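Report on the structure given below.
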Amino acid sequence: MAVLGKVYLIGAGPGAADLITVRGARLLGEAEVVLYDALVTPEMLALCGQAELIPVGKRSGQRSTAQTVINEKLVDAAQRYQRVVRLKGGDPMLFGRADEELRALEEAGIEVEVVPGITTAVAAAAATLQPLTKRGVARSVAFFTSSTAPDQPDHPALPETDTLVQYMGGREAAATAERLLAEGRRPDLPVVVVENCSRADQRVRRLTLADLAHGLDVAHGPVLVMIGEAMGHRPHQSLDPSA
């Protein structure tokens with residue numbers, strides 16, 4: 001009986017190929033097969049040119065691979081290859097559906113290792129020189145998404161925290177702003193929106209909560225929305241939107 005392979009759930013980071021960890025890049029170079037997300041860039045895939053590449057992307061509002069099918073593909077790959085990589089945007093353990101994949105692999109008796117990646121919120125804070133926490137201003141941060149399981153309400157309660165970071169926030173951001181305003185947050189509360197974080201086509205917009213309530217322009221990539229007092233300009237900070 002053939003020995004089952006090992007699966008590595010690797011975080012690709014926010015997009016730029018040189019923001020993957022050294023361990024992640026090494027394992028990509030050793031992989032026999034790589035199952036990758038839709039947000040993984042061609043530059044990142046160039047790090048694993050020796051491997052069979054299998055796209056298993058999931059994109060909001062678009063036709064995508066069902067999670068159950070991804071799980072089956074992972075188990076099948078581990079039965080045929082010794083080194084299998086599941087390459088995920090950001091970090092596998094944050095909004096990466098890692099739980100479903102870990103359970104499927106564990107139930108099949110397949111060894112799994114998780115290699116963390118830079119999650120987009122941290123990359124966006126770095127790209128905009130905008131710390132998520134600030135002494136005396138913000139000491140708590142919450143990462144959230146409006147996406148829920150089929151049996152859950154569409155709009156669960158918003159976290160109570162100093163800095164709010166909404167993943168996949170393009171279409172849902174206006175509703176979030178409206179709810180925050182209804183809860184008593186001030187209309188001029190600073191907001192920073194980052195689209196295609198760390199990529200060549202990265203776009204940064206600085207708004208207020210009232211502006212956000214009117215909605216965002218159509219995005220051409222993943223959108224992250226950061227809300228809170230910590231997003232305000234520092235006295236000597238450049239007014240360049242990308243700084």
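Lettering and numbering for the structure tokens are positional, with chains as A, B, ... in the shown order, residues counted from 1 in each chain, and ligands counted from 1 in the shown order.
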
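For range 92-101 of chain A, the set of protein, DNA and RNA residues having any atom at most 7 Å away, when counting only C-alpha atoms and skipping those fewer than 4 positions along the same chain, is Leu9, Ile10, Gly11, Asn71, Lys88, Leu105 and Pro116 of chain A.
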
For this session: Would you mind writing down, as number ranges by chain, each residue of range 27-229 of chain A that DSSP on the backbone assigns to helix (DSSP H, G or I)?
Result: A: 27-30, 42-48, 67-80, 98-107, 120-127, 173-182, 209-213, 229

With range 189-203 of chain A as the partner and 10 Å as the cut-off, tabulate the residues of range 91-152 of chain A that qualify, each row holding the nearest pair of atoms and their distance in Å to one decimal, using only C-alpha atoms, sorted by chain and rising number, as JSON lines.
```
{"residue": "A:Thr120", "atom": "CA", "partner": "A:Cys197", "partner_atom": "CA", "distance": 7.0}
{"residue": "A:Ala121", "atom": "CA", "partner": "A:Cys197", "partner_atom": "CA", "distance": 9.0}
{"residue": "A:Ala123", "atom": "CA", "partner": "A:Cys197", "partner_atom": "CA", "distance": 7.1}
{"residue": "A:Ala124", "atom": "CA", "partner": "A:Cys197", "partner_atom": "CA", "distance": 6.0}
{"residue": "A:Ala125", "atom": "CA", "partner": "A:Val194", "partner_atom": "CA", "distance": 9.3}
{"residue": "A:Ala126", "atom": "CA", "partner": "A:Ser198", "partner_atom": "CA", "distance": 9.4}
{"residue": "A:Ala127", "atom": "CA", "partner": "A:Ser198", "partner_atom": "CA", "distance": 6.9}
{"residue": "A:Thr128", "atom": "CA", "partner": "A:Val194", "partner_atom": "CA", "distance": 8.5}
{"residue": "A:Gln130", "atom": "CA", "partner": "A:Val192", "partner_atom": "CA", "distance": 8.8}
```

Any chance you can output those residues with N, CA, C and O atoms as a short mmCIF file (atom, residue, chain, number, x, y, z; two decimals), in the first residue's frame?
```cif
data_model
loop_
_atom_site.label_atom_id
_atom_site.label_comp_id
_atom_site.auth_asym_id
_atom_site.auth_seq_id
_atom_site.Cartn_x
_atom_site.Cartn_y
_atom_site.Cartn_z
N THR A 120 -3.66 40.10 5.17
CA THR A 120 -3.78 41.35 4.42
C THR A 120 -3.91 42.58 5.32
O THR A 120 -3.41 43.67 4.97
N ALA A 121 -4.54 42.44 6.47
CA ALA A 121 -4.70 43.60 7.35
C ALA A 121 -3.34 44.14 7.79
O ALA A 121 -3.12 45.36 7.81
N ALA A 123 -0.47 43.67 6.22
CA ALA A 123 0.20 44.20 5.02
C ALA A 123 -0.36 45.57 4.64
O ALA A 123 0.39 46.47 4.23
N ALA A 124 -1.67 45.75 4.78
CA ALA A 124 -2.28 47.03 4.45
C ALA A 124 -1.84 48.12 5.41
O ALA A 124 -1.60 49.27 5.01
N ALA A 125 -1.73 47.78 6.69
CA ALA A 125 -1.24 48.76 7.66
C ALA A 125 0.17 49.20 7.31
O ALA A 125 0.52 50.38 7.38
N ALA A 126 1.01 48.24 6.89
CA ALA A 126 2.38 48.57 6.51
C ALA A 126 2.42 49.40 5.24
O ALA A 126 3.18 50.37 5.14
N ALA A 127 1.61 49.02 4.25
CA ALA A 127 1.62 49.72 2.96
C ALA A 127 1.19 51.17 3.09
O ALA A 127 1.65 52.04 2.33
N THR A 128 0.31 51.46 4.03
CA THR A 128 -0.21 52.82 4.19
C THR A 128 0.47 53.57 5.34
O THR A 128 0.09 54.71 5.63
N GLN A 130 0.09 53.03 8.40
CA GLN A 130 -1.03 53.33 9.28
C GLN A 130 -1.17 52.22 10.32
O GLN A 130 -1.81 51.20 10.08
#
```

Problem set entry | Neighbour list for range 52-54 of chain A as number ranges by chain, cut-off 12 Å, only C-alpha atoms, skip fewer than 2 positions in-chain | A: 28-38, 40, 42, 44-50, 56-57, 65, 70, 73-74, 77, 80-81, 83-87

For this session: Give me, please, the distance in Å between CA of Gly170 in chain A and CA of Arg206 in chain A, quoted to one decimal.
Result: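 Straight-line distance from CA of Gly170 in chain A to CA of Arg206 in chain A works out to 14.3 Å.
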